[in-house]
>>> print(open('coords.txt').read())   # compact mmCIF, C-alpha atoms and all ligand atoms
# COMPACT_ATOMS: atom_id res chain seq x y z
CA MET A 318 -6.34 93.71 -72.66
CA SER A 319 -5.64 94.22 -68.99
CA ALA A 320 -7.55 95.40 -65.98
CA SER A 321 -7.92 99.15 -66.22
CA HIS A 322 -7.57 101.29 -63.18
CA ASP A 323 -11.26 101.74 -62.65
CA CYS A 324 -12.78 98.74 -64.31
CA PHE A 325 -14.87 97.89 -61.28
CA ALA A 326 -16.36 101.33 -60.67
CA HIS A 327 -20.15 101.56 -60.70
CA ASP A 328 -22.84 103.63 -59.06
CA HIS A 329 -25.33 101.00 -57.96
CA ALA A 330 -26.07 100.77 -54.26
CA LEU A 331 -27.21 97.18 -54.75
CA LEU A 332 -26.42 95.08 -57.82
CA ALA A 333 -28.50 92.20 -59.12
CA LEU A 334 -26.26 89.20 -59.84
CA SER A 335 -27.14 89.26 -63.53
CA ASP A 336 -26.21 92.97 -63.76
CA ALA A 337 -22.95 92.31 -61.93
CA ILE A 338 -22.04 89.58 -64.41
CA ALA A 339 -23.03 91.75 -67.37
CA LEU A 340 -20.77 94.50 -66.00
CA LEU A 341 -17.84 92.09 -65.77
CA GLN A 342 -18.46 90.99 -69.36
CA THR A 343 -17.99 94.51 -70.63
CA ARG A 344 -15.16 95.57 -68.29
CA LEU A 345 -12.81 92.58 -68.45
CA GLY A 346 -11.12 90.65 -71.24
CA PRO A 347 -8.42 88.02 -71.82
CA VAL A 348 -5.09 88.68 -70.08
CA CYS A 349 -3.30 85.38 -70.69
CA GLN A 350 -0.62 84.81 -73.32
CA THR A 351 -1.12 82.03 -75.82
CA GLU A 352 1.03 78.98 -76.50
CA ASP A 353 0.94 75.98 -78.79
CA LEU A 354 0.46 72.70 -76.94
CA SER A 355 0.18 69.18 -78.21
CA VAL A 356 -3.41 68.00 -78.11
CA SER A 357 -2.55 65.51 -75.38
CA GLU A 358 -1.43 68.34 -73.07
CA ALA A 359 -4.35 70.66 -73.74
CA LEU A 360 -7.04 69.22 -71.45
CA GLY A 361 -8.72 71.97 -69.43
CA ARG A 362 -7.08 74.78 -71.43
CA VAL A 363 -9.01 77.50 -73.25
CA VAL A 364 -8.81 77.50 -77.04
CA ALA A 365 -7.34 80.82 -78.23
CA VAL A 366 -7.86 80.41 -81.98
CA ASP A 367 -10.78 78.67 -83.70
CA VAL A 368 -9.93 75.03 -84.39
CA VAL A 369 -10.82 74.39 -88.04
CA ALA A 370 -11.19 70.93 -89.56
CA GLN A 371 -8.28 70.15 -91.89
CA VAL A 372 -10.06 67.11 -93.28
CA THR A 373 -13.58 65.82 -93.77
CA VAL A 374 -14.69 63.24 -91.19
CA PRO A 375 -15.19 60.52 -92.07
CA PRO A 376 -13.06 61.07 -95.17
CA HIS A 377 -14.77 58.26 -97.12
CA ASP A 378 -18.05 56.37 -97.07
CA ASN A 379 -17.47 53.40 -94.76
CA SER A 380 -19.14 50.47 -93.14
CA ALA A 381 -20.71 50.80 -89.68
CA MET A 382 -20.75 47.01 -89.21
CA ASP A 383 -18.87 43.81 -89.83
CA GLY A 384 -20.87 42.21 -92.68
CA TYR A 385 -21.36 42.26 -96.44
CA ALA A 386 -21.47 45.29 -98.71
CA TYR A 387 -23.68 45.24 -101.80
CA ARG A 388 -25.75 47.41 -104.12
CA ALA A 389 -29.35 47.45 -102.87
CA ALA A 390 -30.77 47.64 -106.40
CA ASP A 391 -29.16 44.24 -107.22
CA ILE A 392 -31.14 42.36 -104.61
CA GLN A 393 -34.52 41.12 -105.82
CA PRO A 394 -36.99 39.41 -103.52
CA GLY A 395 -36.13 35.73 -103.49
CA GLN A 396 -32.76 36.28 -105.20
CA ALA A 397 -30.63 37.26 -102.29
CA THR A 398 -27.85 34.69 -102.56
CA VAL A 399 -24.83 36.16 -104.31
CA PRO A 400 -21.10 35.39 -104.61
CA VAL A 401 -18.65 37.09 -102.26
CA ALA A 402 -16.18 38.75 -104.62
CA ARG A 403 -13.48 39.93 -102.18
CA ARG A 404 -12.93 41.47 -98.76
CA ILE A 405 -12.16 45.02 -97.52
CA ALA A 406 -10.90 45.55 -93.97
CA ALA A 407 -10.40 48.83 -92.09
CA GLY A 408 -7.33 50.54 -93.54
CA ASP A 409 -7.62 48.86 -96.94
CA PRO A 410 -8.19 51.01 -100.02
CA PRO A 411 -11.73 50.70 -101.43
CA GLY A 412 -10.52 49.03 -104.65
CA ALA A 413 -12.46 48.57 -107.88
CA PRO A 414 -16.22 49.13 -108.25
CA LEU A 415 -18.52 46.36 -107.13
CA ASP A 416 -19.65 44.00 -109.86
CA ALA A 417 -23.43 43.83 -110.25
CA GLY A 418 -24.95 40.91 -108.36
CA THR A 419 -22.02 40.35 -106.00
CA ALA A 420 -21.27 41.21 -102.40
CA ILE A 421 -18.02 42.11 -100.65
CA ARG A 422 -17.01 40.93 -97.20
CA ILE A 423 -16.49 44.16 -95.23
CA PHE A 424 -15.50 45.19 -91.71
CA THR A 425 -16.36 48.17 -89.48
CA GLY A 426 -14.59 51.30 -90.64
CA ALA A 427 -13.54 49.83 -93.99
CA PRO A 428 -14.20 52.07 -96.99
CA MET A 429 -17.29 51.19 -99.01
CA PRO A 430 -16.50 49.77 -102.45
CA PRO A 431 -17.41 52.16 -105.28
CA ASP A 432 -21.04 51.47 -106.34
CA GLY A 433 -21.76 49.61 -103.10
CA ASP A 434 -24.36 51.45 -101.05
CA THR A 435 -25.60 49.09 -98.35
CA VAL A 436 -24.17 46.75 -95.70
CA ALA A 437 -25.88 43.73 -94.17
CA MET A 438 -24.58 42.92 -90.71
CA GLN A 439 -22.99 39.48 -90.53
CA GLU A 440 -25.52 38.26 -87.94
CA ASP A 441 -28.26 38.68 -90.61
CA CYS A 442 -26.38 36.71 -93.32
CA GLN A 443 -25.67 33.04 -94.04
CA THR A 444 -22.68 31.89 -95.99
CA SER A 445 -22.52 28.76 -98.09
CA VAL A 446 -20.24 27.16 -100.67
CA GLY A 447 -21.22 27.40 -104.35
CA PRO A 448 -20.88 24.68 -107.07
CA ASN A 449 -17.33 25.78 -107.95
CA GLY A 450 -16.16 26.05 -104.33
CA GLU A 451 -16.79 29.83 -104.23
CA THR A 452 -18.21 31.52 -101.14
CA LEU A 453 -21.83 32.64 -101.41
CA VAL A 454 -23.77 34.84 -99.03
CA THR A 455 -27.51 35.00 -98.49
CA LEU A 456 -28.40 38.59 -97.72
CA PRO A 457 -31.49 39.84 -95.90
CA THR A 458 -34.07 41.24 -98.34
CA HIS A 459 -35.71 43.75 -96.00
CA GLN A 460 -32.89 46.31 -95.77
CA LYS A 461 -33.19 49.94 -96.82
CA THR A 462 -30.70 51.32 -99.30
CA GLY A 463 -27.84 52.87 -97.31
CA ALA A 464 -28.32 50.68 -94.23
CA ASN A 465 -25.18 50.41 -92.07
CA ARG A 466 -23.25 52.80 -94.29
CA ARG A 467 -21.61 55.94 -92.85
CA LEU A 468 -21.36 58.74 -95.36
CA ALA A 469 -18.21 60.77 -95.97
CA GLY A 470 -18.54 64.06 -94.12
CA GLU A 471 -21.54 63.04 -92.05
CA ASP A 472 -19.66 64.18 -88.91
CA VAL A 473 -17.55 67.16 -90.05
CA ALA A 474 -16.88 68.94 -93.34
CA ALA A 475 -13.32 70.18 -93.93
CA GLY A 476 -13.08 73.91 -93.19
CA THR A 477 -15.71 74.05 -90.44
CA VAL A 478 -14.93 75.34 -86.94
CA VAL A 479 -15.08 72.32 -84.66
CA LEU A 480 -13.92 74.05 -81.44
CA PRO A 481 -14.46 77.80 -81.27
CA ALA A 482 -11.99 80.15 -79.60
CA GLY A 483 -13.04 80.67 -76.00
CA ARG A 484 -13.99 77.06 -75.34
CA ARG A 485 -12.42 75.22 -72.41
CA LEU A 486 -11.31 71.80 -73.57
CA ARG A 487 -12.97 68.67 -72.23
CA GLY A 488 -11.82 65.13 -72.98
CA PRO A 489 -14.09 64.60 -76.01
CA ASP A 490 -12.86 67.91 -77.48
CA LEU A 491 -9.34 66.45 -77.68
CA ALA A 492 -10.74 63.57 -79.73
CA MET A 493 -12.38 66.06 -82.09
CA ALA A 494 -9.17 68.09 -82.50
CA ALA A 495 -7.25 64.92 -83.32
CA SER A 496 -9.91 63.55 -85.67
CA VAL A 497 -9.68 66.65 -87.87
CA GLY A 498 -5.90 66.38 -88.04
CA HIS A 499 -4.49 68.73 -85.39
CA ARG A 500 -1.31 67.71 -83.59
CA THR A 501 -1.10 70.98 -81.62
CA LEU A 502 -3.58 73.62 -80.51
CA THR A 503 -3.16 77.32 -79.75
CA VAL A 504 -4.44 77.77 -76.21
CA TYR A 505 -4.20 80.38 -73.47
CA ARG A 506 -1.68 79.85 -70.72
CA PRO A 507 -3.36 79.19 -67.35
CA LEU A 508 -4.43 82.30 -65.48
CA LYS A 509 -1.83 82.95 -62.76
CA VAL A 510 -3.63 83.45 -59.47
CA ALA A 511 -2.06 84.28 -56.12
CA LEU A 512 -4.08 83.40 -53.06
CA PHE A 513 -3.79 84.23 -49.40
CA SER A 514 -6.10 84.24 -46.46
CA THR A 515 -6.12 86.82 -43.71
CA GLY A 516 -7.02 86.66 -40.04
CA ASN A 517 -5.20 86.63 -36.70
CA GLU A 518 -7.35 83.67 -35.69
CA LEU A 519 -6.07 81.39 -38.48
CA LYS A 520 -3.75 78.45 -37.90
CA ALA A 521 -2.50 76.03 -40.51
CA PRO A 522 -3.92 72.52 -40.20
CA GLY A 523 -1.46 70.35 -38.30
CA GLU A 524 -0.59 73.09 -35.83
CA ALA A 525 -2.08 73.12 -32.33
CA LEU A 526 -5.01 75.48 -31.80
CA GLU A 527 -4.82 78.03 -28.98
CA PRO A 528 -8.04 79.37 -27.49
CA GLY A 529 -9.75 81.67 -29.99
CA GLN A 530 -8.02 80.15 -33.01
CA ILE A 531 -9.45 78.16 -35.92
CA TYR A 532 -7.92 76.30 -38.81
CA ASP A 533 -7.59 78.16 -42.09
CA SER A 534 -9.98 76.31 -44.40
CA ASN A 535 -10.62 78.93 -47.06
CA ARG A 536 -7.14 78.78 -48.50
CA PHE A 537 -7.57 75.10 -49.27
CA GLY A 538 -11.15 75.30 -50.51
CA VAL A 539 -10.58 78.38 -52.63
CA ALA A 540 -7.32 77.00 -54.07
CA GLY A 541 -9.07 73.75 -55.00
CA CYS A 542 -11.95 75.57 -56.64
CA LEU A 543 -9.56 77.87 -58.54
CA GLN A 544 -7.74 74.82 -59.84
CA MET A 545 -11.03 73.26 -60.92
CA LEU A 546 -11.62 76.46 -62.88
CA GLY A 547 -8.30 75.95 -64.65
CA CYS A 548 -6.14 78.49 -62.80
CA ALA A 549 -2.47 78.08 -61.86
CA VAL A 550 -2.58 78.88 -58.15
CA THR A 551 0.23 80.18 -55.95
CA ASP A 552 -0.62 79.62 -52.30
CA LEU A 553 0.88 82.49 -50.31
CA GLY A 554 -0.29 81.21 -46.95
CA SER A 555 -2.28 83.10 -44.36
CA LEU A 556 -1.42 86.55 -43.08
CA PRO A 557 -2.20 88.26 -39.80
CA ASP A 558 -4.53 91.25 -39.72
CA ASN A 559 -1.77 93.73 -40.24
CA ALA A 560 -2.03 96.33 -42.99
CA GLU A 561 1.78 96.53 -43.52
CA ARG A 562 2.18 92.78 -43.92
CA ILE A 563 -0.83 92.56 -46.21
CA THR A 564 0.34 95.52 -48.32
CA ALA A 565 3.75 93.93 -48.80
CA ALA A 566 2.18 90.58 -49.73
CA LEU A 567 -0.21 92.18 -52.21
CA GLU A 568 2.59 94.12 -53.90
CA LEU A 569 4.68 91.01 -54.26
CA ALA A 570 1.76 88.88 -55.47
CA ALA A 571 0.66 91.45 -58.06
CA ARG A 572 4.11 91.46 -59.66
CA ASP A 573 3.84 88.08 -61.31
CA HIS A 574 0.17 87.14 -61.12
CA GLN A 575 -2.80 88.24 -63.15
CA LEU A 576 -5.32 87.84 -60.36
CA VAL A 577 -4.89 88.10 -56.59
CA VAL A 578 -7.56 86.47 -54.45
CA THR A 579 -7.81 86.93 -50.70
CA SER A 580 -10.26 85.74 -48.10
CA GLY A 581 -11.37 87.72 -45.08
CA GLY A 582 -10.66 91.26 -44.01
CA VAL A 583 -12.88 93.04 -46.50
CA SER A 584 -16.01 93.91 -44.55
CA MET A 585 -16.39 97.40 -43.13
CA GLY A 586 -15.13 96.64 -39.61
CA ASP A 587 -12.01 97.95 -37.91
CA GLU A 588 -10.09 94.74 -38.50
CA ASP A 589 -10.44 94.94 -42.26
CA HIS A 590 -6.86 95.42 -43.24
CA VAL A 591 -7.08 94.09 -46.76
CA LYS A 592 -9.34 96.97 -47.62
CA LYS A 593 -6.86 99.50 -46.22
CA ALA A 594 -3.93 97.82 -47.94
CA ILE A 595 -5.55 97.78 -51.38
CA GLU A 596 -6.66 101.37 -51.05
CA ARG A 597 -3.04 102.27 -50.36
CA ILE A 598 -1.53 100.64 -53.44
CA GLY A 599 -4.38 100.16 -55.89
CA THR A 600 -8.06 100.80 -56.36
CA LEU A 601 -10.91 99.06 -54.62
CA HIS A 602 -14.67 98.95 -55.15
CA PHE A 603 -17.19 97.20 -52.99
CA TRP A 604 -19.93 95.41 -54.80
CA ARG A 605 -23.06 94.85 -52.75
CA LEU A 606 -24.98 92.14 -54.51
CA ALA A 607 -28.66 91.43 -54.00
CA VAL A 608 -27.61 87.86 -53.22
CA LYS A 609 -27.50 85.61 -50.17
CA PRO A 610 -25.04 84.28 -49.08
CA GLY A 611 -22.54 86.99 -49.84
CA ARG A 612 -21.17 89.85 -47.87
CA PRO A 613 -19.96 92.74 -49.98
CA LEU A 614 -17.36 91.58 -52.47
CA ALA A 615 -14.22 93.60 -53.00
CA LEU A 616 -13.05 94.03 -56.59
CA GLY A 617 -10.12 96.14 -57.57
CA SER A 618 -6.83 96.42 -59.30
CA LEU A 619 -3.16 96.50 -58.40
CA GLY A 620 -1.59 97.91 -61.54
CA ASP A 621 -2.51 95.44 -64.29
CA THR A 622 -3.48 92.77 -61.79
CA VAL A 623 -7.10 92.18 -60.86
CA PHE A 624 -7.96 91.87 -57.19
CA LEU A 625 -10.83 89.81 -55.80
CA GLY A 626 -11.48 89.96 -52.07
CA LEU A 627 -13.71 87.12 -50.93
CA PRO A 628 -15.59 87.21 -47.64
CA GLY A 629 -14.06 85.30 -44.72
CA ASN A 630 -17.02 83.11 -43.92
CA PRO A 631 -16.21 79.77 -45.54
CA VAL A 632 -19.51 79.21 -47.35
CA ALA A 633 -19.75 82.83 -48.46
CA ALA A 634 -16.18 82.65 -49.78
CA LEU A 635 -16.83 79.54 -51.88
CA VAL A 636 -20.27 80.57 -53.14
CA SER A 637 -19.02 84.06 -54.04
CA LEU A 638 -16.19 82.44 -55.96
CA MET A 639 -18.68 80.33 -57.90
CA LEU A 640 -21.14 83.12 -58.62
CA ILE A 641 -18.84 86.11 -59.28
CA GLY A 642 -15.24 84.87 -59.13
CA ARG A 643 -16.00 82.37 -61.89
CA ALA A 644 -17.28 85.12 -64.17
CA VAL A 645 -14.17 87.24 -63.49
CA ILE A 646 -11.89 84.27 -64.12
CA HIS A 647 -13.67 83.27 -67.34
CA ARG A 648 -13.22 86.75 -68.77
CA LEU A 649 -9.52 86.90 -67.83
CA GLN A 650 -8.96 83.37 -69.19
CA GLY A 651 -10.41 84.31 -72.58
CA ARG A 652 -13.40 82.05 -72.24
CA THR A 653 -16.65 82.69 -73.99
CA ALA A 654 -19.37 83.77 -71.58
CA THR A 655 -20.89 80.57 -70.32
CA PRO A 656 -23.89 81.00 -68.08
CA MET A 657 -24.20 78.13 -65.66
CA ARG A 658 -26.69 75.55 -66.85
CA ARG A 659 -29.63 75.19 -64.54
CA TYR A 660 -31.77 72.10 -64.21
CA ARG A 661 -35.48 72.48 -63.42
CA LEU A 662 -36.22 69.92 -60.73
CA PRO A 663 -39.00 69.45 -58.17
CA SER A 664 -38.28 70.70 -54.69
CA ALA A 665 -38.55 68.31 -51.74
CA PHE A 666 -38.59 71.21 -49.26
CA ALA A 667 -40.60 74.24 -48.24
CA PHE A 668 -38.88 77.59 -48.03
CA SER A 669 -39.86 81.23 -47.73
CA LYS A 670 -37.96 84.48 -47.99
CA LYS A 671 -38.51 88.17 -48.58
CA ALA A 672 -38.53 89.54 -52.11
CA GLY A 673 -35.62 91.76 -53.18
CA ARG A 674 -32.75 89.34 -52.76
CA GLN A 675 -31.74 86.31 -54.76
CA GLU A 676 -30.92 83.34 -52.54
CA PHE A 677 -28.70 80.36 -53.24
CA ILE A 678 -29.60 77.39 -51.06
CA ARG A 679 -27.24 74.46 -50.56
CA CYS A 680 -29.07 71.35 -51.71
CA TRP A 681 -28.50 67.77 -52.69
CA LEU A 682 -30.23 65.46 -55.14
CA GLU A 683 -32.44 62.66 -53.91
CA ASP A 684 -34.04 59.76 -55.76
CA ASP A 685 -37.40 58.47 -54.59
CA ALA A 686 -38.46 54.81 -54.91
CA SER A 687 -39.74 55.38 -58.46
CA GLY A 688 -36.46 56.97 -59.58
CA GLN A 689 -37.80 60.55 -59.66
CA VAL A 690 -35.10 63.07 -58.71
CA SER A 691 -35.90 65.91 -56.34
CA VAL A 692 -33.84 68.54 -54.57
CA GLN A 693 -33.45 68.52 -50.78
CA ARG A 694 -32.25 71.43 -48.71
CA PHE A 695 -29.52 71.32 -46.08
CA ALA A 696 -31.18 72.33 -42.80
CA SER A 697 -28.53 74.79 -41.64
CA GLN A 698 -27.79 77.46 -44.24
CA GLY A 699 -25.43 79.55 -42.08
CA SER A 700 -22.56 81.08 -44.05
CA GLY A 701 -20.00 79.37 -41.83
CA VAL A 702 -21.49 75.86 -42.09
CA LEU A 703 -18.96 74.07 -44.26
CA SER A 704 -20.65 70.68 -43.82
CA SER A 705 -23.49 72.06 -45.95
CA MET A 706 -21.03 72.50 -48.85
CA VAL A 707 -19.77 68.95 -48.48
CA LYS A 708 -23.23 67.38 -48.29
CA ALA A 709 -24.67 69.51 -51.09
CA ASP A 710 -24.47 68.67 -54.80
CA GLY A 711 -25.14 72.25 -55.78
CA LEU A 712 -27.23 75.34 -55.21
CA VAL A 713 -30.88 76.07 -55.76
CA ASP A 714 -31.31 79.56 -57.17
CA VAL A 715 -34.36 81.23 -55.63
CA THR A 716 -34.99 84.29 -57.78
CA ILE A 717 -35.21 87.84 -56.44
CA ASP A 718 -39.00 87.99 -56.64
CA THR A 719 -39.79 84.52 -55.27
CA THR A 720 -41.08 84.54 -51.69
CA GLU A 721 -42.26 80.97 -51.35
CA VAL A 722 -41.08 77.54 -52.49
CA ARG A 723 -43.45 74.63 -51.81
CA PRO A 724 -42.68 70.93 -52.00
CA GLY A 725 -43.21 69.83 -55.61
CA ASP A 726 -42.52 73.28 -57.10
CA LEU A 727 -39.97 73.26 -59.87
CA VAL A 728 -36.75 75.02 -58.81
CA ASP A 729 -33.51 75.92 -60.61
CA PHE A 730 -30.68 73.63 -59.52
CA LEU A 731 -27.06 74.62 -60.28
CA PRO A 732 -24.68 71.67 -59.83
CA PHE A 733 -21.30 72.49 -58.26
CA ALA A 734 -19.77 70.70 -61.24
CA GLU A 735 -21.12 73.50 -63.48
CA ALA A 736 -20.16 76.24 -61.05
CA LEU A 737 -16.54 75.05 -60.97
CA TRP A 738 -15.91 74.52 -64.67
P1 LIG B 1 -13.85 88.21 -41.90
O1 LIG B 1 -14.44 88.32 -43.28
O2 LIG B 1 -12.36 88.31 -41.89
O3 LIG B 1 -14.50 89.20 -40.98
O4 LIG B 1 -14.22 86.75 -41.38
C1 LIG B 1 -15.56 86.33 -41.26
C2 LIG B 1 -15.66 84.98 -40.57
O5 LIG B 1 -14.98 84.01 -41.36
C3 LIG B 1 -14.97 84.90 -39.23
O6 LIG B 1 -15.74 84.05 -38.40
C4 LIG B 1 -13.62 84.30 -39.51
O7 LIG B 1 -13.07 83.63 -38.41
C5 LIG B 1 -13.96 83.33 -40.62
N1 LIG B 1 -12.81 83.12 -41.48
C6 LIG B 1 -12.07 84.09 -42.06
N2 LIG B 1 -11.07 83.58 -42.80
C7 LIG B 1 -11.18 82.25 -42.70
C8 LIG B 1 -10.43 81.16 -43.22
N3 LIG B 1 -9.39 81.36 -44.02
N4 LIG B 1 -10.82 79.90 -42.91
C9 LIG B 1 -11.89 79.69 -42.10
N5 LIG B 1 -12.64 80.68 -41.58
C10 LIG B 1 -12.29 81.94 -41.86
MG MG B 2 -10.89 88.43 -40.53
>>> encode(input="coords.txt", output="structure tokens", more="lines below")
Ligand code: AMP
Ligand code: MG
Amino acid sequence: MSASHDCFAHDHALLALSDAIALLQTRLGPVCQTEDLSVSEALGRVVAVDVVAQVTVPPHDNSAMDGYAYRAADIQPGQATVPVARRIAAGDPPGAPLDAGTAIRIFTGAPMPPDGDTVAMQEDCQTSVGPNGETLVTLPTHQKTGANRRLAGEDVAAGTVVLPAGRRLRGPDLAMAASVGHRTLTVYRPLKVALFSTGNELKAPGEALEPGQIYDSNRFGVAGCLQMLGCAVTDLGSLPDNAERITAALELAARDHQLVVTSGGVSMGDEDHVKKAIERIGTLHFWRLAVKPGRPLALGSLGDTVFLGLPGNPVAALVSLMLIGRAVIHRLQGRTATPMRRYRLPSAFAFSKKAGRQEFIRCWLEDDASGQVSVQRFASQGSGVLSSMVKADGLVDVTIDTTEVRPGDLVDFLPFAEALW
């Protein structure tokens, strides 16, 4: 699947965020090739083919403790001292069935002896020497049948899907893939994203600022966030507000990238050269979302390449990337739709707004003396105030219809960690 010419067309004057995301779900699909990678190289990649268990885990009943294995039915009250017949360590075969009225020294992970069903942990046992020099063990008499025994297959049955296609791999997922016998996994290649910022006022950090100039921060913030989302980013620098230069850069970027992201130059003003450039060589649609912060977003295509034009204001650029860019990227990466998890937490602030627009407020988490977590709001919510993004742990989502948040009200908190995964 690739971006079709008009995949971003719609006829809504104002789009609710949820409708915008639903539209992206239906219009976009995976564009990345697949490759086989060793499990140890696959962290952060998206699984392209269901990972199916090749074996049952654990493959055999085994001991959860260092101790003594026995058959619970053999132990009568007051007759808990039995001979220790042999030992089984992790990696040993289980050996012959247990003889009635005996115990076996066993270690964590060792297979249970046939007919043995219960393990007493060694801290609950006493050993002694019998009349013929044999080792005896006194077992606790209060244990339930099956205590400290892990059953074959209690984690995974062979043949089940342990990691579905569309999942982005976290560390524990690699353990699961390995535990069911996979040496390699079929994953999508990283989405190739080209990024440049636009604006005559932009200077690279390290250069001296002339009057009227600012440092280009978006390129660094957006590139970092794209990398957190698993993209392979090409940084194409910053470009002046010049439609010819921008057109040439877009054409070049589209050639070997699947997504081109820009910042700035896409509002409706005279200096909005990205808009003119895209309209010349591709298609462009403005999405006005019923969301604050967020100027209109530009979505379009350059041949098979998707175009995402982020607003220039630093906070708007980053928040738009989290709210909409993430959904675009997930679709192109082949990921299963993953709505961001929200956490219902009490607000530590008061806030009011008009109905009709969903607002995302930069907030951080605070613990009070009793350990109760609440959400505090950064005082200045201007869309250029980058310090708010640094101080914040995430965004509070104030729904379209809400007009008032009072201290103590439960609010929906979206951690940045969720928004950038
Ligand atoms: P624009 O969307 O190009 O009209 O820019 C909106 C605001 O964001 C202006 O104040 C710009 O100076 C600022 N801005 C645009 N691009 C960047 C950037 N890459 N880094 C920091 N600020 C920017
Ligand atoms: Mg600009």
>>> residues_around(input="coords.txt", residues="A:Gln393", least_positions_apart="6", cutoff="12 Å", atoms="only C-alpha atoms", output="PyMOL selection string")
chain A and resi 399+418+455-460
>>> residues_near_ligand(input="coords.txt", ligand="ligand MG 2 (chain B)", cutoff="8 Å", atoms="all atoms listed in the file", output="JSON, numbers by chain")
{"A": [515, 516, 517, 518, 558, 581, 582, 583, 588, 589, 629]}
>>> closest_residue(input="coords.txt", among="A:Ser584, A:Gln675, A:Ser691, A:Ser380", to="A:Ile423", atoms="only C-alpha atoms")
A:Ser380
>>> residues_around(input="coords.txt", residues="A:Leu727", least_positions_apart="6", cutoff="12 Å", atoms="all atoms listed in the file", output="list in words")
Arg659, Tyr660, Arg661, Leu662, Pro663, Ser664, Ala665, Phe666, Ala667, Val690, Ser691, Val692, Val713, Asp714, Val715 and Glu721 of chain A
>>> closest_atom_pairs(input="coords.txt", of="chain A", to="ligand LIG 1 (chain B)", cutoff="10 Å", atoms="only C-alpha atoms and all ligand atoms", output="CSV")
residue,atom,partner,partner_atom,distance
A:Phe513,CA,B:LIG1,N3,8.3
A:Ser514,CA,B:LIG1,N3,5.0
A:Thr515,CA,B:LIG1,N2,6.0
A:Gly516,CA,B:LIG1,N2,5.8
A:Asn517,CA,B:LIG1,O7,8.6
A:Glu518,CA,B:LIG1,O7,6.3
A:Leu519,CA,B:LIG1,C8,6.4
A:Lys520,CA,B:LIG1,N4,8.8
A:Ala521,CA,B:LIG1,N3,9.4
A:Gly529,CA,B:LIG1,O7,9.3
A:Gln530,CA,B:LIG1,O7,8.2
A:Ile531,CA,B:LIG1,C9,6.8
A:Tyr532,CA,B:LIG1,C9,6.2
A:Asp533,CA,B:LIG1,N4,3.8
A:Ser534,CA,B:LIG1,N4,4.0
A:Asn535,CA,B:LIG1,N3,4.1
A:Arg536,CA,B:LIG1,N3,5.6
A:Phe537,CA,B:LIG1,N3,8.4
A:Gly538,CA,B:LIG1,N4,8.9
A:Val539,CA,B:LIG1,N3,9.2
A:Gly554,CA,B:LIG1,N3,9.6
A:Ser555,CA,B:LIG1,N3,7.3
A:Leu556,CA,B:LIG1,N3,9.6
A:Asp558,CA,B:LIG1,O2,8.6
A:Thr579,CA,B:LIG1,N3,8.8
A:Ser580,CA,B:LIG1,N2,5.8
A:Gly581,CA,B:LIG1,O2,3.4
A:Gly582,CA,B:LIG1,O2,4.0
A:Val583,CA,B:LIG1,O1,5.9
A:Ser584,CA,B:LIG1,O1,5.9
A:Met585,CA,B:LIG1,O3,8.7
A:Gly586,CA,B:LIG1,O3,7.6
A:Asp587,CA,B:LIG1,O3,9.6
A:Glu588,CA,B:LIG1,O3,7.5
A:Asp589,CA,B:LIG1,O2,6.9
A:His590,CA,B:LIG1,O2,9.1
A:Val591,CA,B:LIG1,O2,9.2
A:Arg612,CA,B:LIG1,O1,8.3
A:Pro613,CA,B:LIG1,O1,9.7
A:Gly626,CA,B:LIG1,O1,9.4
A:Leu627,CA,B:LIG1,O1,7.8
A:Pro628,CA,B:LIG1,O1,4.6
A:Gly629,CA,B:LIG1,O1,3.4
A:Asn630,CA,B:LIG1,O5,3.4
A:Pro631,CA,B:LIG1,N5,5.4
A:Val632,CA,B:LIG1,O5,8.9
A:Ala633,CA,B:LIG1,O5,8.6
A:Ala634,CA,B:LIG1,O5,8.6
A:Ser700,CA,B:LIG1,O5,8.6
A:Gly701,CA,B:LIG1,O5,6.9
A:Leu703,CA,B:LIG1,C9,9.3
>>> residues_around(input="coords.txt", residues="A:Leu486", least_positions_apart="6", cutoff="6 Å", atoms="only C-alpha atoms", output="ChimeraX atom specification")
/A:360-362
>>> closest_residue(input="coords.txt", among="A:Val702, A:Val473, A:Leu491, A:Leu625", to="A:His602", atoms="only C-alpha atoms")
A:Leu625
>>> closest_residue(input="coords.txt", among="A:Ala370, A:Ala417, A:Ile392, A:Leu341", to="A:Asp472", atoms="all atoms listed in the file")
A:Ala370
>>> residues_near_point(input="coords.txt", point="(-16.9, 60.1, -94.5)", cutoff="7 Å", atoms="all atoms listed in the file", output="list of chain:residue names")
A:Thr373, A:Val374, A:Pro375, A:Pro376, A:His377, A:Asp378, A:Asn379, A:Arg467, A:Leu468, A:Ala469, A:Gly470, A:Glu471
